[in-house]
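Report on one structure; see the data block that follows.
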Amino acid sequence: RPDLANLISRWGDRGKNQRHLLSLLRGHRMKCLLKRMLDTNEFLSPYGVRALSRIHLDKPYVLHANGSEFSVRYQPGESDAYIFGGNSNWRGPVWFPVNFLIIESLYRFHHYYGDEFKVEHPTGSGKLLNLRQIADELSQRMVCLFKKDKEGNRPFLGDNLLLQSDPNFNKNLLFYEYFDGDTGRGLGASHQTGWTGLVAKLIQPITKSSKKNK
C-alpha cells in the first residue's frame with residue numbers, strides 16, 4: 001500500500017559509504033523512540049533496557065472490559081501475583097535477546113548514519129553520543145551484570161552470599177533467563193546459555209572500541 005510504503009525510509013537516499021537504509025525508523029522517528037528508551041525513568045536500567053517502562057510502577061496501564069478492570073504494573077523481578085505461575089516475564093525485567101537485537105540494530109543504523117547522527121544519552125543528561133557509542137554503552141551495561149562491582153559483588157548474583165564470596169562457587173557463573181530491571185539480580189532458569197550466553201558476543205565490540213580509543 002502506498003500509504004504504508006511512504007513510512008519506509010527512502011531507499012534512494014544513500015548514507016555513509018553509499019549505504020542504503022530499509023527501515024520504518026527514519027532519523028526523526030528513531031530519535032523519538034530513543035528518547036524514551038534511553039530514559040532512566042522509563043526503559044533504561046543500569047543493566048540494559050527493561051521490558052516495560054518503569055513509569056508504570058506508579059501509573060499502571062489499566063483496561064476496562066466487560067465490567068472488569070485489568071492492569072499491568074511495572075514489576076522488575078518476580079510477579080506479585082500467581083497468574084502465569086508467579087512470573088512477571090515481560091513486565092519489567094531485562095532480557096538478553098531483546099537487548100542484543102537493540103544493540104545490533106544500533107550498530108547497523110550507525111553504518112548508515114555515521115558519527116554525525118547523535119542522540120542524547122541518557123535522556124536528560126545533555127550528553128550526545130552517536131549510535132555506535134550508544135550501542136557500546138548498552139553492551140557495557142549488560143556485561144556489568146557479570147562483572148564485580150566496587151564491593152566485589154556480581155549484580156546478577158544478588159544477595160546469594162555463597163555464590164558471591166565462597167571460593168568454591170564464586171567463579172562459577174550462571175546464565176539466568178532474565179534479570180531484575182532495577183538490581184540486575186538473575187531470575188528464572190539459571191542455564192539459559194542459548195541467549196544469555198550472548199554476553200560473550202557483546203564483550204567483543206567493547207574490546208574493539210576501547211582499543212580504537214587508545
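Following the order of the C-alpha cells, chains are lettered A, B, ..., residues in each are numbered from 1, and ligands are numbered from 1.
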### All residues 10 Å or closer to Leu131 of chain A, only C-alpha atoms, same chain fewer than 5 positions away omitted, as a list in words
Ile103, Ser105, Leu106, Tyr107, Arg108, Phe109, His110, His111, Tyr113, Gly114, Asp115, Glu116, Phe117, Lys118, Val119, His121, Asp136 and Glu137 of chain A
With all heavy atoms retained, write the just-selected residues as a compact mmCIF listing (two decimals), in the first residue's frame.
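Written out: again08.txt:
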# COMPACT_ATOMS: atom_id res chain seq x y z
N ILE A 103 20.93 -3.64 20.38
CA ILE A 103 22.34 -3.26 20.22
C ILE A 103 22.81 -3.51 18.80
O ILE A 103 23.45 -2.65 18.18
CB ILE A 103 23.20 -4.02 21.24
CG1 ILE A 103 22.91 -3.51 22.66
CG2 ILE A 103 24.68 -3.87 20.92
CD1 ILE A 103 23.46 -4.40 23.75
N SER A 105 21.00 -3.64 16.13
CA SER A 105 20.32 -2.69 15.24
C SER A 105 20.98 -1.32 15.30
O SER A 105 21.13 -0.65 14.27
CB SER A 105 18.85 -2.58 15.63
OG SER A 105 18.18 -3.81 15.43
N LEU A 106 21.38 -0.89 16.49
CA LEU A 106 22.04 0.41 16.62
C LEU A 106 23.35 0.43 15.85
O LEU A 106 23.69 1.43 15.21
CB LEU A 106 22.27 0.73 18.09
CG LEU A 106 21.03 1.12 18.90
CD1 LEU A 106 21.37 1.23 20.37
CD2 LEU A 106 20.42 2.42 18.39
N TYR A 107 24.09 -0.66 15.89
CA TYR A 107 25.33 -0.74 15.10
C TYR A 107 25.03 -0.61 13.61
O TYR A 107 25.73 0.08 12.87
CB TYR A 107 26.05 -2.06 15.36
CG TYR A 107 26.80 -2.11 16.67
CD1 TYR A 107 26.65 -3.18 17.54
CD2 TYR A 107 27.68 -1.09 17.05
CE1 TYR A 107 27.34 -3.24 18.74
CE2 TYR A 107 28.36 -1.13 18.25
CZ TYR A 107 28.19 -2.22 19.09
OH TYR A 107 28.88 -2.26 20.28
N ARG A 108 23.98 -1.27 13.16
CA ARG A 108 23.63 -1.23 11.74
C ARG A 108 23.17 0.16 11.32
O ARG A 108 23.51 0.64 10.24
CB ARG A 108 22.56 -2.28 11.42
CG ARG A 108 23.08 -3.72 11.53
CD ARG A 108 22.01 -4.74 11.24
NE ARG A 108 22.53 -6.09 11.37
CZ ARG A 108 23.13 -6.77 10.40
NH1 ARG A 108 23.29 -6.19 9.22
NH2 ARG A 108 23.56 -7.99 10.59
N PHE A 109 22.38 0.80 12.16
CA PHE A 109 21.96 2.16 11.85
C PHE A 109 23.16 3.11 11.82
O PHE A 109 23.20 4.05 11.04
CB PHE A 109 20.93 2.66 12.87
CG PHE A 109 19.52 2.23 12.57
CD1 PHE A 109 18.86 1.31 13.38
CD2 PHE A 109 18.84 2.76 11.49
CE1 PHE A 109 17.56 0.92 13.10
CE2 PHE A 109 17.53 2.37 11.20
CZ PHE A 109 16.89 1.45 12.01
N HIS A 110 24.14 2.85 12.67
CA HIS A 110 25.34 3.68 12.66
C HIS A 110 26.08 3.53 11.34
O HIS A 110 26.68 4.50 10.84
CB HIS A 110 26.25 3.32 13.82
CG HIS A 110 27.55 4.06 13.82
ND1 HIS A 110 28.73 3.52 13.32
CD2 HIS A 110 27.87 5.33 14.21
CE1 HIS A 110 29.70 4.40 13.43
NE2 HIS A 110 29.21 5.51 13.95
N HIS A 111 26.07 2.34 10.76
CA HIS A 111 26.72 2.13 9.46
C HIS A 111 26.13 3.08 8.41
O HIS A 111 26.83 3.53 7.51
CB HIS A 111 26.53 0.68 8.99
CG HIS A 111 27.31 -0.32 9.78
ND1 HIS A 111 28.49 -0.02 10.39
CD2 HIS A 111 27.06 -1.63 10.05
CE1 HIS A 111 28.95 -1.09 11.01
NE2 HIS A 111 28.11 -2.08 10.83
N TYR A 113 24.09 6.07 9.17
CA TYR A 113 24.06 7.47 9.57
C TYR A 113 25.43 8.05 9.89
O TYR A 113 25.65 9.25 9.75
CB TYR A 113 23.14 7.67 10.78
CG TYR A 113 21.67 7.59 10.45
CD1 TYR A 113 20.89 6.54 10.92
CD2 TYR A 113 21.06 8.58 9.68
CE1 TYR A 113 19.53 6.48 10.62
CE2 TYR A 113 19.72 8.52 9.37
CZ TYR A 113 18.95 7.46 9.85
OH TYR A 113 17.62 7.40 9.54
N GLY A 114 26.36 7.20 10.35
CA GLY A 114 27.69 7.68 10.65
C GLY A 114 27.79 8.39 12.00
O GLY A 114 26.85 8.42 12.78
N ASP A 115 28.95 8.98 12.26
CA ASP A 115 29.24 9.59 13.56
C ASP A 115 28.48 10.89 13.79
O ASP A 115 28.34 11.33 14.94
CB ASP A 115 30.74 9.84 13.70
CG ASP A 115 31.54 8.56 13.81
OD1 ASP A 115 30.95 7.51 14.15
OD2 ASP A 115 32.76 8.59 13.55
N GLU A 116 28.02 11.53 12.71
CA GLU A 116 27.39 12.85 12.87
C GLU A 116 25.99 12.76 13.46
O GLU A 116 25.49 13.72 14.04
CB GLU A 116 27.33 13.57 11.52
CG GLU A 116 28.70 13.98 10.97
CD GLU A 116 29.46 12.80 10.37
OE1 GLU A 116 28.80 11.78 10.06
OE2 GLU A 116 30.70 12.88 10.26
N PHE A 117 25.33 11.62 13.30
CA PHE A 117 23.98 11.42 13.82
C PHE A 117 24.08 11.10 15.31
O PHE A 117 24.52 10.02 15.69
CB PHE A 117 23.28 10.28 13.06
CG PHE A 117 21.83 10.10 13.41
CD1 PHE A 117 20.85 10.73 12.67
CD2 PHE A 117 21.45 9.28 14.47
CE1 PHE A 117 19.50 10.55 12.98
CE2 PHE A 117 20.12 9.10 14.79
CZ PHE A 117 19.14 9.74 14.04
N LYS A 118 23.67 12.03 16.16
CA LYS A 118 23.84 11.85 17.61
C LYS A 118 22.52 11.99 18.36
O LYS A 118 21.61 12.69 17.91
CB LYS A 118 24.86 12.86 18.15
CG LYS A 118 26.27 12.65 17.59
CD LYS A 118 27.28 13.58 18.23
CE LYS A 118 28.68 13.29 17.70
NZ LYS A 118 29.70 14.16 18.35
N VAL A 119 22.47 11.29 19.49
CA VAL A 119 21.27 11.27 20.33
C VAL A 119 21.69 11.48 21.78
O VAL A 119 22.76 11.02 22.19
CB VAL A 119 20.52 9.93 20.18
CG1 VAL A 119 19.31 9.88 21.09
CG2 VAL A 119 20.12 9.68 18.74
N HIS A 121 22.15 10.78 25.45
CA HIS A 121 22.20 9.53 26.21
C HIS A 121 23.00 9.72 27.50
O HIS A 121 24.16 10.13 27.45
CB HIS A 121 22.84 8.42 25.38
CG HIS A 121 23.02 7.13 26.14
ND1 HIS A 121 21.95 6.40 26.59
CD2 HIS A 121 24.13 6.46 26.53
CE1 HIS A 121 22.40 5.32 27.22
NE2 HIS A 121 23.72 5.35 27.20
N ASP A 136 27.63 0.57 22.28
CA ASP A 136 28.74 0.14 23.15
C ASP A 136 28.36 0.31 24.62
O ASP A 136 28.66 -0.54 25.46
CB ASP A 136 30.00 0.97 22.86
CG ASP A 136 30.69 0.55 21.56
OD1 ASP A 136 30.36 -0.53 21.04
OD2 ASP A 136 31.53 1.32 21.08
N GLU A 137 27.70 1.43 24.93
CA GLU A 137 27.34 1.71 26.31
C GLU A 137 26.28 0.73 26.82
O GLU A 137 26.34 0.27 27.96
CB GLU A 137 26.85 3.15 26.41
CG GLU A 137 26.97 3.78 27.79
CD GLU A 137 25.83 3.38 28.71
OE1 GLU A 137 24.78 2.97 28.21
OE2 GLU A 137 26.00 3.47 29.94
Give me, as CSV, each residue of segment 79-117 of chain A that comes within 12 Å of segment 152-175 of chain A, together with its shortest interatomic pair and the distance in Å at one decimal, counting only C-alpha atoms, with rows ordered by chain and rising residue number.
residue,atom,partner,partner_atom,distance
A:Val94,CA,A:Phe156,CA,11.2
A:Trp95,CA,A:Phe175,CA,11.5
A:Phe96,CA,A:Phe175,CA,10.2
Just-selected residues, N, CA, C and O atoms written as a PDB file, in the first residue's frame:
ATOM      1  N   VAL A  94      14.991  -7.267  32.534  1.00  0.00           N
ATOM      2  CA  VAL A  94      15.900  -7.110  31.398  1.00  0.00           C
ATOM      3  C   VAL A  94      16.123  -8.485  30.781  1.00  0.00           C
ATOM      4  O   VAL A  94      16.462  -9.436  31.487  1.00  0.00           O
ATOM      5  N   TRP A  95      15.924  -8.570  29.483  1.00  0.00           N
ATOM      6  CA  TRP A  95      16.115  -9.827  28.750  1.00  0.00           C
ATOM      7  C   TRP A  95      17.254  -9.670  27.744  1.00  0.00           C
ATOM      8  O   TRP A  95      17.328  -8.684  27.018  1.00  0.00           O
ATOM      9  N   PHE A  96      18.117 -10.656  27.666  1.00  0.00           N
ATOM     10  CA  PHE A  96      19.234 -10.600  26.734  1.00  0.00           C
ATOM     11  C   PHE A  96      18.814 -10.617  25.269  1.00  0.00           C
ATOM     12  O   PHE A  96      19.389  -9.874  24.456  1.00  0.00           O
TER      13      PHE A  96
END
### Task
Quick one: pull the distance between atom CA of Tyr178 of chain A and atom CA of Pro93 of chain A, Å, one decimal.
6.4 Å
### Message
DSSP on the backbone, strand (DSSP E or B) only: what residues of segment 17-71 of chain A does that give? Format it as number ranges by chain.
### Response
A: 44-45, 48-50, 61-65, 68-71
Can I get the selection written as an mmCIF file, in the first residue's frame, with all heavy atoms?
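See selection25.cif below for the written result:
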data_model
loop_
_atom_site.group_PDB
_atom_site.id
_atom_site.type_symbol
_atom_site.label_atom_id
_atom_site.label_comp_id
_atom_site.auth_asym_id
_atom_site.auth_seq_id
_atom_site.Cartn_x
_atom_site.Cartn_y
_atom_site.Cartn_z
ATOM 1 N N LEU A 44 15.459 2.586 30.448
ATOM 2 C CA LEU A 44 16.889 2.358 30.623
ATOM 3 C C LEU A 44 17.224 1.993 32.075
ATOM 4 O O LEU A 44 17.062 2.800 32.984
ATOM 5 C CB LEU A 44 17.687 3.587 30.202
ATOM 6 C CG LEU A 44 19.215 3.420 30.211
ATOM 7 C CD1 LEU A 44 19.647 2.325 29.239
ATOM 8 C CD2 LEU A 44 19.903 4.729 29.888
ATOM 9 N N SER A 45 17.704 0.774 32.239
ATOM 10 C CA SER A 45 18.129 0.268 33.545
ATOM 11 C C SER A 45 19.649 0.335 33.614
ATOM 12 O O SER A 45 20.321 0.432 32.591
ATOM 13 C CB SER A 45 17.660 -1.191 33.694
ATOM 14 O OG SER A 45 18.409 -1.887 34.657
ATOM 15 N N GLY A 48 20.727 -2.594 31.296
ATOM 16 C CA GLY A 48 20.155 -2.831 29.981
ATOM 17 C C GLY A 48 18.817 -2.138 29.823
ATOM 18 O O GLY A 48 18.460 -1.239 30.592
ATOM 19 N N VAL A 49 18.066 -2.565 28.822
ATOM 20 C CA VAL A 49 16.768 -1.979 28.520
ATOM 21 C C VAL A 49 15.673 -2.864 29.109
ATOM 22 O O VAL A 49 15.619 -4.058 28.837
ATOM 23 C CB VAL A 49 16.568 -1.812 27.005
ATOM 24 C CG1 VAL A 49 15.187 -1.247 26.696
ATOM 25 C CG2 VAL A 49 17.652 -0.907 26.420
ATOM 26 N N ARG A 50 14.814 -2.268 29.914
ATOM 27 C CA ARG A 50 13.727 -3.004 30.551
ATOM 28 C C ARG A 50 12.665 -3.426 29.530
ATOM 29 O O ARG A 50 12.493 -2.791 28.490
ATOM 30 C CB ARG A 50 13.062 -2.145 31.625
ATOM 31 C CG ARG A 50 13.998 -1.671 32.733
ATOM 32 C CD ARG A 50 13.242 -0.770 33.707
ATOM 33 N NE ARG A 50 14.050 -0.413 34.868
ATOM 34 C CZ ARG A 50 14.584 0.790 35.081
ATOM 35 N NH1 ARG A 50 14.408 1.755 34.175
ATOM 36 N NH2 ARG A 50 15.292 1.022 36.176
ATOM 37 N N TYR A 61 -0.891 0.554 33.484
ATOM 38 C CA TYR A 61 -1.809 0.599 32.353
ATOM 39 C C TYR A 61 -3.081 -0.135 32.767
ATOM 40 O O TYR A 61 -3.034 -1.270 33.250
ATOM 41 C CB TYR A 61 -1.196 -0.076 31.129
ATOM 42 C CG TYR A 61 -2.155 -0.197 29.972
ATOM 43 C CD1 TYR A 61 -2.407 0.887 29.142
ATOM 44 C CD2 TYR A 61 -2.822 -1.398 29.726
ATOM 45 C CE1 TYR A 61 -3.293 0.788 28.089
ATOM 46 C CE2 TYR A 61 -3.713 -1.508 28.670
ATOM 47 C CZ TYR A 61 -3.947 -0.417 27.856
ATOM 48 O OH TYR A 61 -4.831 -0.520 26.817
ATOM 49 N N VAL A 62 -4.224 0.521 32.609
ATOM 50 C CA VAL A 62 -5.497 -0.050 33.055
ATOM 51 C C VAL A 62 -6.438 -0.222 31.862
ATOM 52 O O VAL A 62 -6.576 0.683 31.031
ATOM 53 C CB VAL A 62 -6.162 0.851 34.116
ATOM 54 C CG1 VAL A 62 -7.509 0.270 34.526
ATOM 55 C CG2 VAL A 62 -5.250 1.005 35.328
ATOM 56 N N LEU A 63 -7.071 -1.405 31.791
ATOM 57 C CA LEU A 63 -8.030 -1.704 30.730
ATOM 58 C C LEU A 63 -9.349 -2.127 31.372
ATOM 59 O O LEU A 63 -9.369 -3.008 32.242
ATOM 60 C CB LEU A 63 -7.515 -2.834 29.832
ATOM 61 C CG LEU A 63 -8.506 -3.384 28.802
ATOM 62 C CD1 LEU A 63 -8.793 -2.337 27.724
ATOM 63 C CD2 LEU A 63 -7.974 -4.673 28.166
ATOM 64 N N HIS A 64 -10.436 -1.499 30.952
ATOM 65 C CA HIS A 64 -11.771 -1.866 31.414
ATOM 66 C C HIS A 64 -12.463 -2.638 30.295
ATOM 67 O O HIS A 64 -12.594 -2.148 29.171
ATOM 68 C CB HIS A 64 -12.579 -0.617 31.776
ATOM 69 C CG HIS A 64 -11.993 0.159 32.915
ATOM 70 N ND1 HIS A 64 -12.240 -0.150 34.237
ATOM 71 C CD2 HIS A 64 -11.150 1.224 32.936
ATOM 72 C CE1 HIS A 64 -11.600 0.683 35.019
ATOM 73 N NE2 HIS A 64 -10.926 1.543 34.259
ATOM 74 N N ALA A 65 -12.906 -3.854 30.606
ATOM 75 C CA ALA A 65 -13.551 -4.690 29.600
ATOM 76 C C ALA A 65 -14.611 -5.572 30.253
ATOM 77 O O ALA A 65 -14.332 -6.252 31.253
ATOM 78 C CB ALA A 65 -12.517 -5.568 28.886
ATOM 79 N N SER A 68 -15.054 -5.560 33.954
ATOM 80 C CA SER A 68 -13.886 -5.905 34.769
ATOM 81 C C SER A 68 -12.741 -4.943 34.491
ATOM 82 O O SER A 68 -12.681 -4.329 33.423
ATOM 83 C CB SER A 68 -13.432 -7.342 34.488
ATOM 84 O OG SER A 68 -14.450 -8.265 34.814
ATOM 85 N N GLU A 69 -11.865 -4.810 35.465
ATOM 86 C CA GLU A 69 -10.686 -3.947 35.314
ATOM 87 C C GLU A 69 -9.422 -4.787 35.332
ATOM 88 O O GLU A 69 -9.225 -5.623 36.213
ATOM 89 C CB GLU A 69 -10.627 -2.926 36.453
ATOM 90 C CG GLU A 69 -9.421 -2.002 36.370
ATOM 91 C CD GLU A 69 -9.376 -0.976 37.490
ATOM 92 O OE1 GLU A 69 -10.281 -0.110 37.513
ATOM 93 O OE2 GLU A 69 -8.460 -1.057 38.338
ATOM 94 N N PHE A 70 -8.579 -4.568 34.338
ATOM 95 C CA PHE A 70 -7.303 -5.275 34.242
ATOM 96 C C PHE A 70 -6.189 -4.236 34.202
ATOM 97 O O PHE A 70 -6.334 -3.177 33.584
ATOM 98 C CB PHE A 70 -7.251 -6.136 32.978
ATOM 99 C CG PHE A 70 -8.389 -7.109 32.862
ATOM 100 C CD1 PHE A 70 -9.558 -6.755 32.196
ATOM 101 C CD2 PHE A 70 -8.307 -8.370 33.426
ATOM 102 C CE1 PHE A 70 -10.617 -7.638 32.079
ATOM 103 C CE2 PHE A 70 -9.352 -9.269 33.322
ATOM 104 C CZ PHE A 70 -10.514 -8.906 32.650
ATOM 105 N N SER A 71 -5.098 -4.534 34.872
ATOM 106 C CA SER A 71 -3.994 -3.573 34.910
ATOM 107 C C SER A 71 -2.657 -4.268 34.727
ATOM 108 O O SER A 71 -2.496 -5.449 35.063
ATOM 109 C CB SER A 71 -3.997 -2.796 36.231
ATOM 110 O OG SER A 71 -3.737 -3.657 37.328
#
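The list of residues with at least one atom within 7 Å of segment 19-23 of chain A, based on only C-alpha atoms and without residues fewer than 6 positions apart in the same chain, reads Ile8, Ser9, Trp11, Asp13 and Tyr112 of chain A.
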Store the residues picked out above in a file with all heavy atoms, as a short mmCIF file (atom, residue, chain, number, x, y, z; two decimals), in the first residue's frame.
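part-v3.cif written:
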data_model
loop_
_atom_site.label_atom_id
_atom_site.label_comp_id
_atom_site.auth_asym_id
_atom_site.auth_seq_id
_atom_site.Cartn_x
_atom_site.Cartn_y
_atom_site.Cartn_z
N ILE A 8 8.30 4.01 5.06
CA ILE A 8 9.61 3.37 5.00
C ILE A 8 10.65 4.36 4.51
O ILE A 8 10.37 5.26 3.72
CB ILE A 8 9.56 2.13 4.07
CG1 ILE A 8 8.50 1.14 4.58
CG2 ILE A 8 10.91 1.45 3.97
CD1 ILE A 8 8.28 -0.04 3.68
N SER A 9 11.87 4.21 5.00
CA SER A 9 12.95 5.10 4.62
C SER A 9 13.10 5.16 3.10
O SER A 9 12.82 4.20 2.39
CB SER A 9 14.26 4.62 5.25
OG SER A 9 14.54 3.30 4.83
N TRP A 11 14.61 4.60 -0.05
CA TRP A 11 15.65 3.67 -0.48
C TRP A 11 16.69 4.36 -1.35
O TRP A 11 17.86 4.01 -1.34
CB TRP A 11 15.02 2.51 -1.23
CG TRP A 11 16.01 1.48 -1.71
CD1 TRP A 11 16.41 1.26 -3.00
CD2 TRP A 11 16.73 0.56 -0.91
NE1 TRP A 11 17.33 0.24 -3.05
CE2 TRP A 11 17.55 -0.21 -1.77
CE3 TRP A 11 16.79 0.29 0.46
CZ2 TRP A 11 18.40 -1.21 -1.31
CZ3 TRP A 11 17.63 -0.72 0.91
CH2 TRP A 11 18.42 -1.45 0.04
N ASP A 13 17.89 7.33 -1.02
CA ASP A 13 18.79 8.21 -0.28
C ASP A 13 19.92 7.38 0.32
O ASP A 13 19.67 6.47 1.12
CB ASP A 13 18.04 8.94 0.84
CG ASP A 13 16.97 9.86 0.29
OD1 ASP A 13 17.04 10.18 -0.91
OD2 ASP A 13 16.07 10.26 1.06
N TYR A 112 24.84 3.36 8.54
CA TYR A 112 24.17 4.21 7.57
C TYR A 112 24.34 5.70 7.91
O TYR A 112 24.69 6.51 7.06
CB TYR A 112 22.68 3.86 7.50
CG TYR A 112 21.90 4.73 6.55
CD1 TYR A 112 21.88 4.48 5.17
CD2 TYR A 112 21.15 5.81 7.02
CE1 TYR A 112 21.17 5.29 4.30
CE2 TYR A 112 20.43 6.62 6.15
CZ TYR A 112 20.45 6.36 4.79
OH TYR A 112 19.73 7.15 3.92
#
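Atom CA of Glu78 of chain A is found 8.7 Å from atom CA of Gly188 of chain A.
The two atoms in question, atom CA of Ser53 of chain A and atom CA of Tyr74 of chain A, are spaced 6.8 Å apart.
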Would you write out, as a tab-separated table, a table of all residues in segment 22-139 of chain A that have an atom no more than 9 Å from an atom of segment 143-146 of chain A, listing for each the closest atom pair and the distance in Å to one decimal, considering only C-alpha atoms and ordering rows by chain and rising residue number?
residue	atom	partner	partner_atom	distance
A:Pro46	CA	A:Cys144	CA	8.6
A:Tyr47	CA	A:Leu145	CA	6.3
A:Leu138	CA	A:Val143	CA	8.7
A:Ser139	CA	A:Val143	CA	6.2
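In this comparison, which uses only C-alpha atoms, the residue of A:Gly186, A:His56, A:Leu4, A:Gly67 approaching Leu24 of chain A most closely is A:Leu4.
Counting only C-alpha atoms and comparing A:Arg185, A:His191, A:Leu52, A:Leu25, the residue that lies closest to Val98 of chain A is A:Leu52.
For the choices A:Lys150, A:Lys35, A:Arg141, A:Lys59, the atom-to-atom distance to Ser125 of chain A is smallest for A:Lys35 when using only C-alpha atoms.
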### Task
Extract the full set of alpha helix (DSSP H) residues from segment 12-184 of chain A according to DSSP on the backbone, and format it as a PyMOL selection string.
chain A and resi 27-37+96-113+131-143+161-165
### Message
So that I can check the surroundings of Glu42 of chain A, please list as a list in words every protein, DNA and RNA residue that reaches within 7 Å of it, counting only C-alpha atoms and ignoring chain neighbours fewer than 6 positions away.
### Response
Arg36, Ser53, Arg54 and Ile55 of chain A
So that I have them on file, write out the residues from the current selection with N, CA, C and O atoms, as a PDB file, in the first residue's frame.
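New file out_23.pdb:
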ATOM      1  N   ARG A  36      12.733   7.896  24.701  1.00  0.00           N
ATOM      2  CA  ARG A  36      12.066   7.148  25.771  1.00  0.00           C
ATOM      3  C   ARG A  36      12.878   5.925  26.180  1.00  0.00           C
ATOM      4  O   ARG A  36      12.979   5.613  27.367  1.00  0.00           O
ATOM      5  N   SER A  53       8.254   0.001  30.621  1.00  0.00           N
ATOM      6  CA  SER A  53       8.672   1.275  31.205  1.00  0.00           C
ATOM      7  C   SER A  53       8.432   1.299  32.711  1.00  0.00           C
ATOM      8  O   SER A  53       7.367   0.899  33.203  1.00  0.00           O
ATOM      9  N   ARG A  54       9.421   1.810  33.444  1.00  0.00           N
ATOM     10  CA  ARG A  54       9.309   1.917  34.897  1.00  0.00           C
ATOM     11  C   ARG A  54       8.256   2.942  35.309  1.00  0.00           C
ATOM     12  O   ARG A  54       7.830   2.967  36.466  1.00  0.00           O
ATOM     13  N   ILE A  55       7.817   3.747  34.372  1.00  0.00           N
ATOM     14  CA  ILE A  55       6.786   4.743  34.678  1.00  0.00           C
ATOM     15  C   ILE A  55       5.484   4.072  35.105  1.00  0.00           C
ATOM     16  O   ILE A  55       4.660   4.646  35.820  1.00  0.00           O
TER      17      ILE A  55
END
### Query
Which residues come within 9 Å of Phe100 of chain A, counting only C-alpha atoms, excluding same-chain residues fewer than 6 positions away, as a ChimeraX atom specification?
/A:139,195,198-199,202
For C-alpha atoms, I'd like the residues from the last selection saved as a short mmCIF file (atom, residue, chain, number, x, y, z; two decimals), in the first residue's frame.
data_model
loop_
_atom_site.label_atom_id
_atom_site.label_comp_id
_atom_site.auth_asym_id
_atom_site.auth_seq_id
_atom_site.Cartn_x
_atom_site.Cartn_y
_atom_site.Cartn_z
CA SER A 139 26.63 -3.55 25.83
CA TRP A 195 20.50 -16.43 24.80
CA LEU A 198 25.22 -13.71 24.06
CA VAL A 199 27.14 -11.73 26.64
CA LEU A 202 28.65 -8.22 23.46
#
